[in-house]
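Shown next: run_11.txt, containing compact mmCIF, C-alpha atoms.
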```txt
# COMPACT_ATOMS: atom_id res chain seq x y z
CA LEU S 11 -2.73 14.68 29.48
CA LEU S 12 -1.34 16.54 32.51
CA PRO S 13 -2.53 20.11 33.22
CA PHE S 14 -0.22 22.93 32.25
CA SER S 15 0.28 23.92 35.85
CA VAL S 16 1.44 20.42 36.78
CA LEU S 17 3.60 19.92 33.71
CA PHE S 18 5.37 23.26 33.53
CA GLY S 19 5.30 24.08 37.25
CA SER S 20 7.01 20.91 38.35
CA PRO S 21 10.49 21.17 39.89
CA VAL S 22 11.84 18.70 37.32
CA PHE S 23 10.83 20.92 34.41
CA GLU S 24 12.18 24.09 35.99
CA MET S 25 15.47 22.39 36.75
CA PHE S 26 15.76 21.19 33.15
CA ALA S 27 14.78 24.60 31.76
CA SER S 28 17.26 26.47 33.91
CA GLN S 29 20.08 24.15 32.94
CA ALA S 30 19.27 24.41 29.24
CA GLY S 31 19.01 28.19 29.40
CA ARG S 32 15.78 28.23 27.42
CA VAL S 33 13.29 29.33 30.04
CA ALA S 34 13.84 31.81 32.83
CA PRO S 35 13.48 30.35 36.33
CA ALA S 36 10.81 32.90 37.06
CA LEU S 37 8.48 31.38 34.42
CA SER S 38 5.65 29.77 36.30
CA GLY S 39 3.07 27.25 35.28
CA SER S 40 0.22 29.56 36.19
CA VAL S 41 1.23 32.04 33.47
CA LEU S 42 1.31 29.34 30.81
CA LEU S 43 -2.03 28.01 31.98
CA GLY S 44 -3.52 31.49 31.72
CA LEU S 45 -2.22 31.89 28.17
CA GLY S 46 -3.71 28.55 27.18
CA LEU S 47 -7.12 29.44 28.60
CA LEU S 48 -7.00 32.86 26.96
CA SER S 49 -6.61 31.38 23.49
CA ARG S 50 -9.70 29.24 24.04
CA SER S 51 -11.77 31.70 26.07
CA SER S 52 -14.31 32.57 23.35
CA PRO S 53 -15.40 31.14 19.97
CA SER S 54 -14.58 34.44 18.29
CA SER S 55 -10.90 34.05 19.14
CA SER S 56 -10.59 30.65 17.38
CA VAL S 57 -10.21 30.28 13.63
CA ALA S 58 -11.36 27.23 11.64
CA ARG S 59 -8.53 26.10 9.43
CA SER S 60 -8.51 23.65 6.52
CA SER S 61 -5.50 22.37 4.60
CA ASP S 62 -7.53 21.03 1.68
CA ASP S 63 -9.07 22.95 -1.18
CA HIS S 64 -11.99 20.53 -1.52
CA ILE S 65 -14.33 18.39 0.56
CA PRO S 66 -13.24 14.75 0.95
CA SER S 67 -15.83 12.26 -0.21
CA LEU S 68 -17.80 10.30 2.34
CA SER S 69 -17.79 6.52 2.66
CA TYR S 70 -21.10 5.34 1.24
CA GLY S 71 -20.76 1.65 2.08
CA TRP S 72 -21.08 -0.09 -1.29
CA ASP S 73 -22.57 -3.56 -1.53
CA HIS S 74 -19.49 -5.06 -3.20
CA GLN S 75 -17.01 -3.94 -0.54
CA GLY S 76 -17.72 -6.80 1.85
CA PHE S 77 -15.30 -9.66 2.38
CA LEU S 78 -17.34 -12.09 0.26
CA ASP S 79 -19.53 -9.62 -1.67
CA ALA S 80 -19.48 -9.40 -5.46
CA PHE S 81 -20.41 -6.63 -7.86
CA ASP S 82 -24.08 -6.12 -8.68
CA ALA S 83 -24.36 -7.35 -12.28
CA LYS S 84 -27.54 -5.34 -12.88
CA ALA S 85 -25.84 -2.16 -11.65
CA ILE S 86 -22.89 -2.84 -13.97
CA ARG S 87 -25.28 -3.26 -16.91
CA ARG S 88 -27.10 -0.02 -16.10
CA GLY S 89 -23.76 1.72 -15.47
CA TYR S 90 -22.48 0.66 -18.88
CA GLN S 91 -25.61 2.16 -20.44
CA VAL S 92 -24.98 5.47 -18.63
CA TYR S 93 -21.35 5.42 -19.74
CA LYS S 94 -22.26 4.63 -23.34
CA GLU S 95 -25.00 7.25 -23.64
CA VAL S 96 -23.49 10.01 -21.49
CA CYS S 97 -19.83 9.61 -20.56
CA ALA S 98 -18.54 8.08 -23.81
CA THR S 99 -19.10 11.33 -25.68
CA CYS S 100 -15.96 12.73 -24.00
CA HIS S 101 -14.24 9.98 -21.99
CA SER S 102 -12.60 6.80 -23.23
CA LEU S 103 -12.33 3.39 -21.61
CA GLU S 104 -9.33 2.02 -23.45
CA LYS S 105 -8.47 -0.93 -21.21
CA ILE S 106 -11.91 -2.57 -21.41
CA HIS S 107 -12.80 -4.85 -24.33
CA PHE S 108 -16.22 -6.11 -25.31
CA ARG S 109 -15.27 -9.67 -24.38
CA GLU S 110 -14.69 -8.67 -20.75
CA LEU S 111 -18.39 -7.82 -20.39
CA VAL S 112 -19.45 -11.33 -21.40
CA GLY S 113 -21.11 -13.05 -18.47
CA VAL S 114 -20.80 -9.93 -16.32
CA SER S 115 -23.44 -7.58 -17.66
CA HIS S 116 -24.38 -8.89 -21.12
CA SER S 117 -24.60 -12.15 -23.02
CA THR S 118 -22.28 -13.09 -25.85
CA SER S 119 -24.92 -12.50 -28.53
CA GLU S 120 -25.72 -9.05 -27.16
CA LEU S 121 -22.08 -8.00 -27.15
CA VAL S 122 -21.45 -9.39 -30.64
CA ALA S 123 -24.32 -7.25 -31.92
CA MET S 124 -23.08 -4.21 -30.00
CA ALA S 125 -19.52 -4.61 -31.26
CA SER S 126 -20.64 -5.03 -34.87
CA GLU S 127 -22.30 -1.60 -34.76
CA ILE S 128 -18.93 0.17 -34.72
CA ASP S 129 -16.34 0.37 -37.50
CA VAL S 130 -12.75 -0.42 -36.57
CA MET S 131 -9.72 0.63 -38.58
CA ASP S 132 -7.60 -2.47 -39.20
CA GLY S 133 -4.83 -3.62 -41.47
CA PRO S 134 -2.78 -3.51 -43.44
CA ASN S 135 -4.28 -5.98 -45.90
CA ASP S 136 -2.45 -7.94 -48.58
CA GLU S 137 -2.12 -4.77 -50.62
CA GLY S 138 -0.63 -2.81 -47.72
CA GLU S 139 -3.67 -0.60 -47.18
CA MET S 140 -5.69 0.04 -44.03
CA PHE S 141 -9.35 -0.88 -44.10
CA GLU S 142 -12.45 -0.67 -41.93
CA ARG S 143 -14.23 -3.71 -40.57
CA PRO S 144 -17.09 -4.35 -38.15
CA GLY S 145 -16.08 -4.56 -34.52
CA LYS S 146 -15.43 -7.84 -32.73
CA LEU S 147 -15.45 -9.00 -29.13
CA THR S 148 -11.69 -8.64 -28.97
CA ASP S 149 -11.84 -4.92 -29.80
CA PRO S 150 -11.68 -2.30 -27.02
CA LEU S 151 -14.58 0.02 -26.43
CA PRO S 152 -14.54 2.85 -29.00
CA LYS S 153 -12.79 6.12 -28.16
CA PRO S 154 -14.58 9.45 -28.58
CA TYR S 155 -11.56 11.10 -30.23
CA ALA S 156 -9.02 9.83 -32.72
CA ASN S 157 -6.06 11.21 -30.76
CA GLU S 158 -5.13 13.42 -27.82
CA GLU S 159 -4.93 16.58 -29.91
CA ALA S 160 -8.48 16.10 -31.18
CA GLY S 161 -9.69 15.65 -27.61
CA ARG S 162 -8.04 18.87 -26.45
CA ALA S 163 -9.33 20.81 -29.45
CA ALA S 164 -12.90 19.72 -28.73
CA ASN S 165 -12.73 20.65 -25.02
CA GLY S 166 -11.02 24.02 -24.99
CA GLY S 167 -7.53 22.63 -24.39
CA ALA S 168 -8.51 20.26 -21.55
CA LEU S 169 -8.21 16.53 -22.24
CA PRO S 170 -10.96 14.40 -20.64
CA PRO S 171 -9.17 11.62 -18.75
CA ASP S 172 -9.51 7.97 -19.62
CA LEU S 173 -11.82 6.26 -17.13
CA SER S 174 -10.33 2.76 -17.20
CA LEU S 175 -8.53 3.21 -13.87
CA ILE S 176 -10.22 6.33 -12.53
CA ALA S 177 -11.56 4.43 -9.50
CA LYS S 178 -7.97 3.64 -8.48
CA ALA S 179 -6.36 6.86 -9.66
CA ARG S 180 -8.44 9.11 -7.39
CA HIS S 181 -8.29 9.21 -3.62
CA GLY S 182 -11.60 7.87 -2.37
CA GLY S 183 -12.16 5.62 -5.38
CA VAL S 184 -15.80 4.85 -6.09
CA ASP S 185 -16.91 7.19 -3.29
CA TYR S 186 -15.14 10.09 -5.00
CA ILE S 187 -16.78 9.33 -8.36
CA PHE S 188 -20.28 9.29 -6.86
CA ALA S 189 -19.64 12.45 -4.81
CA LEU S 190 -18.25 14.27 -7.84
CA LEU S 191 -21.20 13.37 -10.08
CA THR S 192 -23.78 14.43 -7.50
CA GLY S 193 -21.88 17.32 -5.89
CA TYR S 194 -22.50 20.17 -8.35
CA CYS S 195 -23.98 23.24 -6.69
CA ASP S 196 -23.87 27.03 -6.75
CA ALA S 197 -20.57 28.60 -5.78
CA PRO S 198 -20.53 30.15 -2.30
CA ALA S 199 -20.29 33.87 -1.79
CA GLY S 200 -16.81 35.13 -2.56
CA LYS S 201 -15.88 32.21 -4.82
CA VAL S 202 -15.11 33.65 -8.24
CA MET S 203 -15.73 31.20 -11.08
CA LEU S 204 -14.02 31.76 -14.40
CA PRO S 205 -16.06 31.37 -17.60
CA GLY S 206 -16.48 27.74 -18.61
CA LEU S 207 -15.91 26.38 -15.10
CA TYR S 208 -18.46 24.89 -12.70
CA TYR S 209 -18.36 24.72 -8.94
CA ASN S 210 -18.00 21.29 -7.35
CA PRO S 211 -16.73 21.16 -3.75
CA TYR S 212 -15.47 17.58 -4.19
CA PHE S 213 -13.12 18.50 -7.04
CA ALA S 214 -9.64 19.77 -6.23
CA GLY S 215 -9.81 23.55 -6.30
CA GLY S 216 -13.60 23.54 -6.51
CA ALA S 217 -13.65 24.57 -10.20
CA ILE S 218 -14.16 21.87 -12.83
CA ALA S 219 -14.46 22.26 -16.59
CA MET S 220 -16.94 19.39 -16.95
CA PRO S 221 -20.54 20.59 -16.74
CA PRO S 222 -23.01 18.56 -14.66
CA PRO S 223 -23.23 15.38 -16.74
CA LEU S 224 -26.36 13.80 -15.23
CA GLN S 225 -29.95 15.00 -15.11
CA ASP S 226 -33.07 13.18 -13.99
CA GLY S 227 -34.54 11.05 -16.77
CA GLN S 228 -31.49 11.44 -19.00
CA VAL S 229 -31.46 7.73 -19.87
CA GLU S 230 -34.20 5.12 -19.96
CA TYR S 231 -33.39 1.87 -18.20
CA PRO S 232 -34.89 -1.21 -19.88
CA ASP S 233 -35.54 -2.83 -16.48
CA GLY S 234 -37.76 0.05 -15.38
CA THR S 235 -35.41 1.47 -12.74
CA PRO S 236 -36.11 5.20 -12.23
CA ALA S 237 -33.26 7.12 -13.86
CA THR S 238 -32.70 9.70 -11.15
CA THR S 239 -29.41 11.57 -10.92
CA SER S 240 -28.32 9.65 -7.83
CA GLN S 241 -29.31 6.31 -9.37
CA MET S 242 -27.37 6.96 -12.57
CA ALA S 243 -24.38 8.20 -10.56
CA LYS S 244 -24.49 5.05 -8.43
CA ASP S 245 -24.71 2.74 -11.44
CA VAL S 246 -21.92 4.37 -13.44
CA SER S 247 -19.74 4.50 -10.30
CA VAL S 248 -20.17 0.75 -9.82
CA PHE S 249 -19.40 0.19 -13.51
CA LEU S 250 -16.22 2.27 -13.36
CA ASN S 251 -15.17 0.49 -10.18
CA TRP S 252 -15.62 -2.84 -11.98
CA ALA S 253 -13.69 -1.50 -14.99
CA ALA S 254 -10.75 -0.66 -12.72
CA GLU S 255 -10.62 -4.22 -11.34
CA PRO S 256 -12.58 -6.71 -13.47
CA GLU S 257 -10.93 -9.56 -11.54
CA HIS S 258 -12.60 -8.42 -8.30
CA ASP S 259 -15.15 -11.23 -8.01
CA SER S 260 -12.83 -14.03 -9.11
CA ARG S 261 -10.11 -12.77 -6.78
CA LYS S 262 -12.43 -12.95 -3.78
CA LEU S 263 -13.65 -16.41 -4.83
CA GLN S 264 -10.11 -17.72 -5.24
CA GLY S 265 -9.11 -16.20 -1.91
CA PHE S 266 -12.05 -17.90 -0.18
CA LYS S 267 -11.06 -21.22 -1.75
CA ALA S 268 -7.48 -20.70 -0.63
CA LEU S 269 -8.64 -20.08 2.94
CA ILE S 270 -10.64 -23.33 2.88
CA VAL S 271 -7.62 -25.29 1.62
CA LEU S 272 -5.34 -23.68 4.19
CA GLY S 273 -7.83 -24.43 6.95
CA ALA S 274 -8.09 -28.07 5.92
CA THR S 275 -4.31 -28.30 5.70
CA LEU S 276 -3.99 -26.82 9.17
CA ALA S 277 -6.49 -29.35 10.57
CA VAL S 278 -4.70 -32.29 8.97
CA THR S 279 -1.34 -31.00 10.18
CA GLY S 280 -2.63 -30.62 13.73
CA TYR S 281 -4.13 -34.10 13.70
CA TYR S 282 -0.90 -35.58 12.36
CA LYS S 283 1.19 -33.79 14.97
CA ARG S 284 -1.15 -34.60 17.85
CA PHE S 285 -1.71 -38.29 17.23
CA ARG S 286 1.23 -39.39 15.09
CA TRP S 287 3.86 -38.05 17.45
CA SER S 288 1.98 -38.55 20.72
CA PRO S 289 3.69 -41.95 21.45
CA LEU S 290 7.10 -40.33 21.13
CA LYS S 291 6.20 -37.26 23.20
CA THR S 292 4.61 -39.25 26.04
CA ARG S 293 7.09 -42.10 26.30
CA ARG S 294 9.06 -42.63 29.45
CA ILE S 295 12.76 -43.36 29.28
CA SER S 296 14.33 -45.09 32.23
CA TYR S 297 18.03 -45.46 32.67
CA VAL S 298 19.27 -48.52 34.63
CA ASN S 299 22.67 -49.46 35.75
```

Take the structure from the file and write it as structure tokens.
Amino acid sequence: LLPFSVLFGSPVFEMFASQAGRVAPALSGSVLLGLGLLSRSSPSSSVARSSDDHIPSLSYGWDHQGFLDAFDAKAIRRGYQVYKEVCATCHSLEKIHFRELVGVSHSTSELVAMASEIDVMDGPNDEGEMFERPGKLTDPLPKPYANEEAGRAANGGALPPDLSLIAKARHGGVDYIFALLTGYCDAPAGKVMLPGLYYNPYFAGGAIAMPPPLQDGQVEYPDGTPATTSQMAKDVSVFLNWAAEPEHDSRKLQGFKALIVLGATLAVTGYYKRFRWSPLKTRRISYVN
């Protein structure tokens, strides 16, 4: 960038300003330069400004975000356990069915046993009445509340959001989820918190109605992984990211296969063009009388 004295003190600028009638001819570049230096003369004269009411989440560099990287199946299994034992008491996961976990985090027999533990309202039967039956693989994960009104009544008027697409519905995705779960802290001086709200700098406005959901040792992992707050937050974040796009791994695999096919097609096409048409491109035509 040009200095103020060069930019505003040039004859071209003064000619343009005088013709437009916006700047007096007597305005010199030295005055503007002095004003610019005055505004930056001391740190006390500058004010830090922020247009957001929360801290944006950092990029944590997840293992599955690489070009050919897949989700960690063990993390998804542990994340489902955290969701089931902690998050499912308030939040639903309506778009995920038991069958979608088969081969991802659990075996078929495990999921059949897990689904049979819940009772699902079905029907009507031949007599036109609704009835309860054990859950099946085709059933979605159970909801904590029967309807939206029940959810609001149990949470002081606030409805806990469904987490099926939360990783896509929030700016920052999986990074935001992890930052939110681990970002609870004491409110800074001057920040007034209303009763029933908790301070979290990663939440819009800084005040969230959900209390800190994770504590060290809150769950017990069967594989022996220490259940620290950050570990549980990481696992449930990976699980919710998978829930938002269960086709993630197959999409990358199909894309890689498509690139291989396109590469082979390009090689065959180049060979065909180079050698099949070379006699026609290199021939010599002579015209005789």

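Point (-21.8, -11.0, -19.2) has the following residues at most 12 Å away: Asp82, Ala83, Lys84, Ile86, Arg87, Tyr90, Phe108, Arg109, Glu110, Leu111, Val112, Gly113, Val114, Ser115, His116, Ser117, Thr118, Ser119, Glu120, Leu121, Val122, Leu147 and Pro256 of chain S (atoms considered: all atoms listed in the file).
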
Among the residues S:Pro211, S:Gly133, S:Gly138, S:Pro223, the one that comes closest to Ala197 of chain S [using all atoms listed in the file]: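 Nearest to Ala197 of chain S: S:Pro211.
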
Distance query segment 61-71 of chain S at most 10 Å, all atoms listed in the file, self and fewer than 4 positions along chain excluded, as a ChimeraX atom specification: /S:75-76,181-190,193,210-217

Written selection (C-alpha atoms) as an mmCIF file, in the coordinates of the input:
```cif
data_model
loop_
_atom_site.group_PDB
_atom_site.id
_atom_site.type_symbol
_atom_site.label_atom_id
_atom_site.label_comp_id
_atom_site.auth_asym_id
_atom_site.auth_seq_id
_atom_site.Cartn_x
_atom_site.Cartn_y
_atom_site.Cartn_z
ATOM 1 C CA GLN S 75 -17.010 -3.940 -0.540
ATOM 2 C CA GLY S 76 -17.720 -6.800 1.850
ATOM 3 C CA HIS S 181 -8.290 9.210 -3.620
ATOM 4 C CA GLY S 182 -11.600 7.870 -2.370
ATOM 5 C CA GLY S 183 -12.160 5.620 -5.380
ATOM 6 C CA VAL S 184 -15.800 4.850 -6.090
ATOM 7 C CA ASP S 185 -16.910 7.190 -3.290
ATOM 8 C CA TYR S 186 -15.140 10.090 -5.000
ATOM 9 C CA ILE S 187 -16.780 9.330 -8.360
ATOM 10 C CA PHE S 188 -20.280 9.290 -6.860
ATOM 11 C CA ALA S 189 -19.640 12.450 -4.810
ATOM 12 C CA LEU S 190 -18.250 14.270 -7.840
ATOM 13 C CA GLY S 193 -21.880 17.320 -5.890
ATOM 14 C CA ASN S 210 -18.000 21.290 -7.350
ATOM 15 C CA PRO S 211 -16.730 21.160 -3.750
ATOM 16 C CA TYR S 212 -15.470 17.580 -4.190
ATOM 17 C CA PHE S 213 -13.120 18.500 -7.040
ATOM 18 C CA ALA S 214 -9.640 19.770 -6.230
ATOM 19 C CA GLY S 215 -9.810 23.550 -6.300
ATOM 20 C CA GLY S 216 -13.600 23.540 -6.510
ATOM 21 C CA ALA S 217 -13.650 24.570 -10.200
#
```

Long-range neighbours of Asp172 of chain S as a list in words, 10 Å cut-off, only C-alpha atoms, 3 positions minimum in chain: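 Result of the neighbour search: Ala98, Cys100, His101, Ser102, Leu103, Glu104, Lys105, Lys153, Leu169, Leu175 and Ile176 of chain S.
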
Next, dump the selected residues to file, keeping only C-alpha atoms, as an mmCIF file, in the frame of the given file.
```cif
data_model
loop_
_atom_site.group_PDB
_atom_site.id
_atom_site.type_symbol
_atom_site.label_atom_id
_atom_site.label_comp_id
_atom_site.auth_asym_id
_atom_site.auth_seq_id
_atom_site.Cartn_x
_atom_site.Cartn_y
_atom_site.Cartn_z
ATOM 1 C CA ALA S 98 -18.540 8.080 -23.810
ATOM 2 C CA CYS S 100 -15.960 12.730 -24.000
ATOM 3 C CA HIS S 101 -14.240 9.980 -21.990
ATOM 4 C CA SER S 102 -12.600 6.800 -23.230
ATOM 5 C CA LEU S 103 -12.330 3.390 -21.610
ATOM 6 C CA GLU S 104 -9.330 2.020 -23.450
ATOM 7 C CA LYS S 105 -8.470 -0.930 -21.210
ATOM 8 C CA LYS S 153 -12.790 6.120 -28.160
ATOM 9 C CA LEU S 169 -8.210 16.530 -22.240
ATOM 10 C CA LEU S 175 -8.530 3.210 -13.870
ATOM 11 C CA ILE S 176 -10.220 6.330 -12.530
#
```

Atom CA of Gln91 of chain S to atom CA of Phe141 of chain S, straight-line distance in Å: 28.9 Å

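Atom pair atom CA of Ser240 of chain S / atom CA of Pro150 of chain S: separated by 28.1 Å.
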
Spatial neighbours of Lys262 of chain S, max dist 9 Å, only C-alpha atoms, sep filter under 3 positions, as a list in words: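 Neighbouring residues, sequence-local ones excluded: Phe77, Leu78, Asp79, Ala80, Glu257, His258, Asp259, Gly265, Phe266 and Lys267 of chain S.
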
Contacts of Ser126 of chain S within 7 Å, only C-alpha atoms, excl. fewer than 5 positions in-chain, as an MDAnalysis selection string: chainID S and resid 144:146

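For the residues S:Tyr297, S:Tyr93, S:Trp72, S:Tyr281, ranking by smallest atom-to-atom distance to Leu224 of chain S using all atoms listed in the file places S:Tyr93 first.
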
One-decimal distance in Å that lies between atom CA of Pro232 of chain S and atom CA of Met124 of chain S: 15.8 Å

Spatial sel., origin (-29.2, 1.1, -16.2), limit 9 Å, all atoms listed in the file, listed as a PyMOL selection string: chain S and resi 84-92+229-237+241-242+245-246

Restricting the output to C-alpha atoms, write the selected residues as a PDB file, keeping the file's coordinate frame.
```pdb
ATOM      1  CA  LYS S  84     -27.540  -5.340 -12.880  1.00  0.00           C
ATOM      2  CA  ALA S  85     -25.840  -2.160 -11.650  1.00  0.00           C
ATOM      3  CA  ILE S  86     -22.890  -2.840 -13.970  1.00  0.00           C
ATOM      4  CA  ARG S  87     -25.280  -3.260 -16.910  1.00  0.00           C
ATOM      5  CA  ARG S  88     -27.100  -0.020 -16.100  1.00  0.00           C
ATOM      6  CA  GLY S  89     -23.760   1.720 -15.470  1.00  0.00           C
ATOM      7  CA  TYR S  90     -22.480   0.660 -18.880  1.00  0.00           C
ATOM      8  CA  GLN S  91     -25.610   2.160 -20.440  1.00  0.00           C
ATOM      9  CA  VAL S  92     -24.980   5.470 -18.630  1.00  0.00           C
ATOM     10  CA  VAL S 229     -31.460   7.730 -19.870  1.00  0.00           C
ATOM     11  CA  GLU S 230     -34.200   5.120 -19.960  1.00  0.00           C
ATOM     12  CA  TYR S 231     -33.390   1.870 -18.200  1.00  0.00           C
ATOM     13  CA  PRO S 232     -34.890  -1.210 -19.880  1.00  0.00           C
ATOM     14  CA  ASP S 233     -35.540  -2.830 -16.480  1.00  0.00           C
ATOM     15  CA  GLY S 234     -37.760   0.050 -15.380  1.00  0.00           C
ATOM     16  CA  THR S 235     -35.410   1.470 -12.740  1.00  0.00           C
ATOM     17  CA  PRO S 236     -36.110   5.200 -12.230  1.00  0.00           C
ATOM     18  CA  ALA S 237     -33.260   7.120 -13.860  1.00  0.00           C
ATOM     19  CA  GLN S 241     -29.310   6.310  -9.370  1.00  0.00           C
ATOM     20  CA  MET S 242     -27.370   6.960 -12.570  1.00  0.00           C
ATOM     21  CA  ASP S 245     -24.710   2.740 -11.440  1.00  0.00           C
ATOM     22  CA  VAL S 246     -21.920   4.370 -13.440  1.00  0.00           C
TER      23      VAL S 246
END
```

As lines of an AutoDock Vina configuration file: centre and edge lengths in Å, one decimal, of the axis-aligned box holding segment 184-196 of chain S with 4 Å per side:
```
center_x = -19.6
center_y = 15.9
center_z = -6.7
size_x = 16.8
size_y = 30.2
size_z = 14.8
```

Counting all atoms listed in the file, the option among S:Cys195, S:Met220, S:Val278, S:Met140 closest to Leu207 of chain S: S:Met220

Test item: write segment 263-277 of chain S with N, CA, C and O atoms as a tab-separated table (two decimals), in the first residue's frame:
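What landed in result07.tsv:
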```
chain	number	residue	atom	x	y	z
S	263	LEU	N	-15.16	-44.03	-0.33
S	263	LEU	CA	-14.71	-45.23	-1.03
S	263	LEU	C	-15.18	-45.22	-2.48
S	263	LEU	O	-14.42	-45.53	-3.41
S	264	GLN	N	-16.44	-44.85	-2.70
S	264	GLN	CA	-16.97	-44.78	-4.06
S	264	GLN	C	-16.27	-43.69	-4.86
S	264	GLN	O	-16.01	-43.86	-6.05
S	265	GLY	N	-15.97	-42.57	-4.21
S	265	GLY	CA	-15.25	-41.51	-4.91
S	265	GLY	C	-13.86	-41.94	-5.32
S	265	GLY	O	-13.39	-41.62	-6.42
S	266	PHE	N	-13.18	-42.70	-4.44
S	266	PHE	CA	-11.84	-43.19	-4.77
S	266	PHE	C	-11.91	-44.17	-5.94
S	266	PHE	O	-11.07	-44.14	-6.85
S	267	LYS	N	-12.92	-45.04	-5.94
S	267	LYS	CA	-13.09	-45.97	-7.05
S	267	LYS	C	-13.38	-45.21	-8.36
S	267	LYS	O	-12.88	-45.59	-9.42
S	268	ALA	N	-14.18	-44.17	-8.26
S	268	ALA	CA	-14.50	-43.38	-9.45
S	268	ALA	C	-13.25	-42.71	-10.01
S	268	ALA	O	-13.06	-42.65	-11.23
S	269	LEU	N	-12.36	-42.23	-9.11
S	269	LEU	CA	-11.12	-41.62	-9.59
S	269	LEU	C	-10.23	-42.65	-10.28
S	269	LEU	O	-9.57	-42.33	-11.28
S	270	ILE	N	-10.20	-43.87	-9.78
S	270	ILE	CA	-9.41	-44.92	-10.42
S	270	ILE	C	-9.95	-45.23	-11.82
S	270	ILE	O	-9.20	-45.34	-12.80
S	271	VAL	N	-11.28	-45.34	-11.92
S	271	VAL	CA	-11.90	-45.62	-13.23
S	271	VAL	C	-11.66	-44.47	-14.19
S	271	VAL	O	-11.32	-44.68	-15.37
S	272	LEU	N	-11.80	-43.24	-13.72
S	272	LEU	CA	-11.56	-42.09	-14.59
S	272	LEU	C	-10.10	-42.02	-15.02
S	272	LEU	O	-9.80	-41.67	-16.17
S	273	GLY	N	-9.19	-42.34	-14.11
S	273	GLY	CA	-7.78	-42.35	-14.48
S	273	GLY	C	-7.46	-43.39	-15.53
S	273	GLY	O	-6.72	-43.13	-16.48
S	274	ALA	N	-8.04	-44.60	-15.37
S	274	ALA	CA	-7.81	-45.64	-16.36
S	274	ALA	C	-8.43	-45.25	-17.70
S	274	ALA	O	-7.84	-45.49	-18.76
S	275	THR	N	-9.61	-44.65	-17.64
S	275	THR	CA	-10.25	-44.21	-18.89
S	275	THR	C	-9.42	-43.14	-19.58
S	275	THR	O	-9.27	-43.14	-20.81
S	276	LEU	N	-8.85	-42.23	-18.81
S	276	LEU	CA	-8.01	-41.20	-19.38
S	276	LEU	C	-6.76	-41.80	-20.03
S	276	LEU	O	-6.34	-41.38	-21.12
S	277	ALA	N	-6.16	-42.80	-19.38
S	277	ALA	CA	-4.97	-43.45	-19.96
S	277	ALA	C	-5.29	-44.17	-21.26
S	277	ALA	O	-4.55	-44.07	-22.25
```
